[in-house]
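*Asks:* Sending over a structure as structure tokens; questions will come in a sec.
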Amino acid sequence: MSKIKWDQVGEKKYKTGVDHGVLYPQKNGAYPKGVAWNGLTAVNKTPSGAEDNKLYADNMQYLNLKSAEILGLTIECYFYPDEWAECNGESQLAEGVFAGQQRRNTFGFSYRNKLGNDTEGEDYGFELNLIYGCSSAPSEQANNTVNDSPEAATFSYEVSTTPVNISGVGPDGKPYKPTACITIDSTKVEKDKLASIEKILYGTDGVYTATSDSSMDSGKEYYELVNGEYVKTADGTMQPGKTYYEQTTAPTDGRLPLPDELKTIFARG
């Protein structure tokens, strides 16, 4: 044990920014396919509850009961993914035609906050926030005339959450309570485990390997590398001077893992 010291080099930390937003519509209790949420401008956590309820007996305070803690969010953005419609009470009648005031689907959500310090700035790390059991509420949308000081319209959505279960017991030996939020600090977890979580959250590209075939097999698909992306070739035969590829590992969709899966990943030796 040593004397407490303040403002040591590398210990002046701060949190800033929001990026890597992902929407995960819920299906059958899981969050199987995420989509990028571009244009996020703010994600504000609005916890409530955990309020004192004092009980009195024998002319004194007898107990102090705490109300349940509830997590809410406010998501602010310039725009939203197409999949947000079903989470925002809109049902598609035909391509591009939507009916409002419909059932609001439950969804999951993830986003990052940058972490900075006095030595590495914003390259110090980031915080991953995984949110479960989300449900949006109707919100006001203002549409203003274009003028000589144009601004992009912004959207703001109020979101409530329903916690999901976590199995096992905590460090105090007592069972975990259900939670609606898991936070992962990139500066404190093992890098390989963090990489595993990011592959689950954001999905993976397929792996492509240059083919050893000397001619095209009709039972296979071949690809070319065009502007940094692998695209299915339109060639019926292999052309001299071109390199063709086969997909050796299929791509995976991003998904939101439940807390028990996260526990298993981080518990691995």
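Letters A, B, ... go to the chains of the structure tokens in the order shown; residues in each chain start at 1; ligands are counted from 1 in the same order.
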Which residues in region 106-224 of chain A does DSSP call alpha helix (DSSP H)? List them as a PyMOL selection string.

*Replies:* chain A and resi 191-202

*Asks:* Write the residues of the preceding selection, restricted to N, CA, C and O atoms, as a PDB file, in the first residue's frame.

*Replies:*
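Dumped to out_38.pdb:
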```pdb
ATOM      1  N   LYS A 191      -6.312  -8.941 -26.082  1.00  0.00           N
ATOM      2  CA  LYS A 191      -6.508  -8.495 -27.466  1.00  0.00           C
ATOM      3  C   LYS A 191      -7.134  -9.576 -28.343  1.00  0.00           C
ATOM      4  O   LYS A 191      -7.971  -9.278 -29.197  1.00  0.00           O
ATOM      5  N   ASP A 192      -6.737 -10.835 -28.143  1.00  0.00           N
ATOM      6  CA  ASP A 192      -7.300 -11.889 -28.995  1.00  0.00           C
ATOM      7  C   ASP A 192      -8.770 -12.117 -28.693  1.00  0.00           C
ATOM      8  O   ASP A 192      -9.568 -12.396 -29.597  1.00  0.00           O
ATOM      9  N   LYS A 193      -9.159 -11.968 -27.428  1.00  0.00           N
ATOM     10  CA  LYS A 193     -10.563 -12.130 -27.068  1.00  0.00           C
ATOM     11  C   LYS A 193     -11.394 -10.947 -27.576  1.00  0.00           C
ATOM     12  O   LYS A 193     -12.530 -11.124 -28.022  1.00  0.00           O
ATOM     13  N   LEU A 194     -10.815  -9.759 -27.513  1.00  0.00           N
ATOM     14  CA  LEU A 194     -11.492  -8.589 -28.060  1.00  0.00           C
ATOM     15  C   LEU A 194     -11.709  -8.760 -29.558  1.00  0.00           C
ATOM     16  O   LEU A 194     -12.779  -8.454 -30.086  1.00  0.00           O
ATOM     17  N   ALA A 195     -10.689  -9.272 -30.258  1.00  0.00           N
ATOM     18  CA  ALA A 195     -10.807  -9.505 -31.699  1.00  0.00           C
ATOM     19  C   ALA A 195     -11.912 -10.512 -31.998  1.00  0.00           C
ATOM     20  O   ALA A 195     -12.657 -10.359 -32.977  1.00  0.00           O
ATOM     21  N   SER A 196     -12.045 -11.535 -31.150  1.00  0.00           N
ATOM     22  CA  SER A 196     -13.112 -12.530 -31.337  1.00  0.00           C
ATOM     23  C   SER A 196     -14.485 -11.889 -31.206  1.00  0.00           C
ATOM     24  O   SER A 196     -15.396 -12.171 -31.985  1.00  0.00           O
ATOM     25  N   ILE A 197     -14.632 -10.999 -30.220  1.00  0.00           N
ATOM     26  CA  ILE A 197     -15.907 -10.310 -30.007  1.00  0.00           C
ATOM     27  C   ILE A 197     -16.227  -9.411 -31.203  1.00  0.00           C
ATOM     28  O   ILE A 197     -17.374  -9.368 -31.676  1.00  0.00           O
ATOM     29  N   GLU A 198     -15.235  -8.704 -31.717  1.00  0.00           N
ATOM     30  CA  GLU A 198     -15.479  -7.805 -32.842  1.00  0.00           C
ATOM     31  C   GLU A 198     -15.894  -8.585 -34.088  1.00  0.00           C
ATOM     32  O   GLU A 198     -16.737  -8.117 -34.863  1.00  0.00           O
ATOM     33  N   LYS A 199     -15.329  -9.757 -34.297  1.00  0.00           N
ATOM     34  CA  LYS A 199     -15.733 -10.584 -35.447  1.00  0.00           C
ATOM     35  C   LYS A 199     -17.185 -11.016 -35.317  1.00  0.00           C
ATOM     36  O   LYS A 199     -17.917 -11.093 -36.304  1.00  0.00           O
ATOM     37  N   ILE A 200     -17.623 -11.297 -34.079  1.00  0.00           N
ATOM     38  CA  ILE A 200     -19.016 -11.677 -33.857  1.00  0.00           C
ATOM     39  C   ILE A 200     -19.937 -10.473 -34.085  1.00  0.00           C
ATOM     40  O   ILE A 200     -20.960 -10.562 -34.767  1.00  0.00           O
ATOM     41  N   LEU A 201     -19.563  -9.325 -33.532  1.00  0.00           N
ATOM     42  CA  LEU A 201     -20.409  -8.134 -33.613  1.00  0.00           C
ATOM     43  C   LEU A 201     -20.530  -7.591 -35.032  1.00  0.00           C
ATOM     44  O   LEU A 201     -21.612  -7.164 -35.460  1.00  0.00           O
ATOM     45  N   TYR A 202     -19.425  -7.598 -35.770  1.00  0.00           N
ATOM     46  CA  TYR A 202     -19.389  -6.919 -37.063  1.00  0.00           C
ATOM     47  C   TYR A 202     -19.365  -7.875 -38.255  1.00  0.00           C
ATOM     48  O   TYR A 202     -19.470  -7.426 -39.400  1.00  0.00           O
TER      49      TYR A 202
END
```

*Asks:* Determine, counting only C-alpha atoms, which protein, DNA and RNA residues have an atom within 10 Å of an atom of Pro257 (chain A); residues of the same chain fewer than 5 positions away are not included. Present the result as a list in words.

*Replies:* Ala30, Tyr31, Pro32, Gly108, Leu130, Tyr132, Ile197, Ile200, Leu201 and Leu262 of chain A

*Asks:* Give me the residues near Tyr157 (chain A) as a VMD selection string, where near means some atom within 6 Å (using only C-alpha atoms) and where sequence neighbours in that chain fewer than 2 positions away do not count.

*Replies:* chain A and resid 74 to 75 139

*Asks:* Write the residues you've just listed into a file as a short mmCIF file (atom, residue, chain, number, x, y, z; two decimals), in the first residue's frame, and include all heavy atoms for each of them.

*Replies:*
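Final file, out-v6.cif:
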```
data_model
loop_
_atom_site.label_atom_id
_atom_site.label_comp_id
_atom_site.auth_asym_id
_atom_site.auth_seq_id
_atom_site.Cartn_x
_atom_site.Cartn_y
_atom_site.Cartn_z
N THR A 74 -31.11 7.53 -25.51
CA THR A 74 -31.54 8.46 -26.55
C THR A 74 -30.55 8.33 -27.69
O THR A 74 -29.35 8.56 -27.50
CB THR A 74 -31.58 9.91 -26.05
OG1 THR A 74 -32.46 10.00 -24.93
CG2 THR A 74 -32.09 10.83 -27.15
N ILE A 75 -31.03 7.92 -28.86
CA ILE A 75 -30.18 7.78 -30.04
C ILE A 75 -30.44 8.96 -30.96
O ILE A 75 -31.59 9.19 -31.37
CB ILE A 75 -30.46 6.46 -30.78
CG1 ILE A 75 -30.19 5.26 -29.86
CG2 ILE A 75 -29.61 6.36 -32.04
CD1 ILE A 75 -30.57 3.91 -30.48
N SER A 139 -41.47 9.47 -31.69
CA SER A 139 -40.68 10.68 -31.47
C SER A 139 -41.08 11.76 -32.47
O SER A 139 -41.58 11.48 -33.57
CB SER A 139 -39.19 10.38 -31.60
OG SER A 139 -38.89 9.86 -32.89
#
```

*Asks:* Can you tell me which residues surround Ser91 (chain A) at a distance of at most 8 Å, considering only C-alpha atoms, apart from same-chain residues fewer than 5 positions away, and format the answer as number ranges by chain?

*Replies:* A: 85-86, 98-100, 102

*Asks:* Env of Thr233 (chain A): 8 Å cut, atoms = only C-alpha atoms, seq-sep filter 3 positions within chain, self excluded. Answer as a short mmCIF file (atom, residue, chain, number, x, y, z; two decimals) with C-alpha atoms, in the first residue's frame.

*Replies:*
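Final file, out-v3.cif:
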```cif
data_model
loop_
_atom_site.label_atom_id
_atom_site.label_comp_id
_atom_site.auth_asym_id
_atom_site.auth_seq_id
_atom_site.Cartn_x
_atom_site.Cartn_y
_atom_site.Cartn_z
CA TYR A 222 -14.51 -18.09 -59.41
CA TYR A 223 -13.75 -14.52 -58.40
CA GLU A 224 -11.56 -11.63 -59.50
#
```

*Asks:* Taking into account only C-alpha atoms, which residue in the set A:Val226, A:Gly206, A:Ala267, A:Glu221 is nearest to Thr248 (chain A)?

*Replies:*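 Nearest to Thr248 (chain A): A:Gly206.
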
*Asks:* Given the choices A:Glu261, A:Glu51, A:Asp82, A:Glu11, which gets closest to Gly121 (chain A) if the distance is worked out from only C-alpha atoms?

*Replies:*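 Result for the nearest residue to Gly121 (chain A): A:Glu11.
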
*Asks:* Between A:Glu127, A:Asp253, A:Ser214, A:Pro138, which has the minimum distance to Thr237 (chain A) (counting only C-alpha atoms)?

*Replies:*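 Ranking A:Glu127, A:Asp253, A:Ser214, A:Pro138 by distance to Thr237 (chain A), first place goes to A:Ser214.
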
*Asks:* May I have the residues within 12 Å of Leu55 (chain A) as a PDB file with C-alpha atoms, in the first residue's frame, using only C-alpha atoms and disregarding those fewer than 6 positions away in the same chain?

*Replies:*
```pdb
ATOM      1  CA  GLN A  61     -35.884   4.172   9.935  1.00  0.00           C
ATOM      2  CA  TYR A  62     -36.314   0.414   9.715  1.00  0.00           C
ATOM      3  CA  LEU A  63     -35.325  -0.360   6.127  1.00  0.00           C
ATOM      4  CA  ASN A  64     -34.236   1.390   2.946  1.00  0.00           C
ATOM      5  CA  LEU A  65     -35.455  -0.473  -0.125  1.00  0.00           C
ATOM      6  CA  LYS A  66     -34.130   0.351  -3.584  1.00  0.00           C
TER       7      LYS A  66
END
```

*Asks:* Which is closest to Arg255 (chain A) among A:Gln26, A:Thr46, A:Ser186, A:Thr243, if we use only C-alpha atoms?

*Replies:* A:Gln26

*Asks:* Considering only C-alpha atoms, can you say which of A:Tyr208, A:Thr187, A:Asn105, A:Gly168 comes closest to Gly29 (chain A)?

*Replies:*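 Nearest to Gly29 (chain A): A:Asn105.
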
*Asks:* From the list A:Gly89, A:Gly241, A:Gly133, A:Gly219, which residue is nearest Thr106 (chain A) when using only C-alpha atoms?

*Replies:*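 Closest to Thr106 (chain A) of all the choices is A:Gly133.
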
*Asks:* Once DSSP has gone over the backbone, tell me which residues of region 80-227 of chain A are in strand (DSSP E), as a PyMOL selection string.

*Replies:* chain A and resi 91-94+97-99+107-117+121-136+155-161+181-185+207-210+223-226

*Asks:* Would you put the residues from that selection into a file with C-alpha atoms, as a PDB file, in the first residue's frame?

*Replies:*
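File written: part16.pdb
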```pdb
ATOM      1  CA  SER A  91     -44.615  -1.875 -41.826  1.00  0.00           C
ATOM      2  CA  GLN A  92     -43.846  -2.100 -45.544  1.00  0.00           C
ATOM      3  CA  LEU A  93     -46.949  -2.420 -47.715  1.00  0.00           C
ATOM      4  CA  ALA A  94     -44.968  -2.491 -50.961  1.00  0.00           C
ATOM      5  CA  VAL A  97     -44.407   2.225 -49.125  1.00  0.00           C
ATOM      6  CA  PHE A  98     -44.747   2.133 -45.320  1.00  0.00           C
ATOM      7  CA  ALA A  99     -47.657   2.198 -42.890  1.00  0.00           C
ATOM      8  CA  PHE A 107     -33.858  -4.829 -31.171  1.00  0.00           C
ATOM      9  CA  GLY A 108     -30.311  -4.847 -29.866  1.00  0.00           C
ATOM     10  CA  PHE A 109     -27.764  -2.112 -30.381  1.00  0.00           C
ATOM     11  CA  SER A 110     -24.012  -1.671 -30.092  1.00  0.00           C
ATOM     12  CA  TYR A 111     -21.715   1.320 -30.385  1.00  0.00           C
ATOM     13  CA  ARG A 112     -18.243   2.479 -29.401  1.00  0.00           C
ATOM     14  CA  ASN A 113     -16.896   5.358 -27.356  1.00  0.00           C
ATOM     15  CA  LYS A 114     -13.297   6.387 -27.862  1.00  0.00           C
ATOM     16  CA  LEU A 115     -11.048   6.382 -24.786  1.00  0.00           C
ATOM     17  CA  GLY A 116      -8.140   8.809 -24.572  1.00  0.00           C
ATOM     18  CA  ASN A 117      -5.365   9.667 -22.155  1.00  0.00           C
ATOM     19  CA  GLY A 121      -4.660  10.807 -27.050  1.00  0.00           C
ATOM     20  CA  GLU A 122      -7.670   9.147 -28.696  1.00  0.00           C
ATOM     21  CA  ASP A 123      -5.523   6.185 -29.783  1.00  0.00           C
ATOM     22  CA  TYR A 124      -5.531   4.908 -26.198  1.00  0.00           C
ATOM     23  CA  GLY A 125      -8.528   2.602 -26.761  1.00  0.00           C
ATOM     24  CA  PHE A 126     -12.296   2.368 -26.883  1.00  0.00           C
ATOM     25  CA  GLU A 127     -15.321   1.133 -24.997  1.00  0.00           C
ATOM     26  CA  LEU A 128     -17.793  -1.272 -26.615  1.00  0.00           C
ATOM     27  CA  ASN A 129     -21.378  -0.877 -25.407  1.00  0.00           C
ATOM     28  CA  LEU A 130     -23.774  -3.764 -26.055  1.00  0.00           C
ATOM     29  CA  ILE A 131     -27.447  -2.990 -25.379  1.00  0.00           C
ATOM     30  CA  TYR A 132     -30.205  -5.635 -25.146  1.00  0.00           C
ATOM     31  CA  GLY A 133     -34.003  -5.719 -25.186  1.00  0.00           C
ATOM     32  CA  CYS A 134     -34.452  -2.300 -26.789  1.00  0.00           C
ATOM     33  CA  SER A 135     -37.807  -0.802 -27.757  1.00  0.00           C
ATOM     34  CA  SER A 136     -38.291   2.619 -29.333  1.00  0.00           C
ATOM     35  CA  PHE A 155     -33.603  12.448 -35.646  1.00  0.00           C
ATOM     36  CA  SER A 156     -33.831  11.607 -31.970  1.00  0.00           C
ATOM     37  CA  TYR A 157     -35.278   8.348 -30.637  1.00  0.00           C
ATOM     38  CA  GLU A 158     -36.121   7.477 -27.046  1.00  0.00           C
ATOM     39  CA  VAL A 159     -35.357   3.840 -26.281  1.00  0.00           C
ATOM     40  CA  SER A 160     -36.330   1.724 -23.272  1.00  0.00           C
ATOM     41  CA  THR A 161     -34.771  -1.642 -22.437  1.00  0.00           C
ATOM     42  CA  CYS A 181     -25.988  -3.297 -20.962  1.00  0.00           C
ATOM     43  CA  ILE A 182     -22.563  -4.911 -21.228  1.00  0.00           C
ATOM     44  CA  THR A 183     -19.496  -2.653 -21.514  1.00  0.00           C
ATOM     45  CA  ILE A 184     -16.130  -3.911 -22.771  1.00  0.00           C
ATOM     46  CA  ASP A 185     -12.992  -1.813 -22.177  1.00  0.00           C
ATOM     47  CA  VAL A 207     -11.423 -15.682 -47.347  1.00  0.00           C
ATOM     48  CA  TYR A 208     -10.347 -15.999 -50.994  1.00  0.00           C
ATOM     49  CA  THR A 209      -7.407 -17.996 -52.278  1.00  0.00           C
ATOM     50  CA  ALA A 210      -5.851 -17.940 -55.720  1.00  0.00           C
ATOM     51  CA  TYR A 223     -13.745 -14.525 -58.396  1.00  0.00           C
ATOM     52  CA  GLU A 224     -11.562 -11.629 -59.504  1.00  0.00           C
ATOM     53  CA  LEU A 225     -10.069  -8.901 -57.338  1.00  0.00           C
ATOM     54  CA  VAL A 226     -11.530  -5.588 -58.547  1.00  0.00           C
TER      55      VAL A 226
END
```

*Asks:* Which residues are near Ala50 (chain A)? Cut-off 7 Å, only C-alpha atoms, ignore same chain within fewer than 2 positions. Put them as a PyMOL selection string.

*Replies:* chain A and resi 48+52+66-69
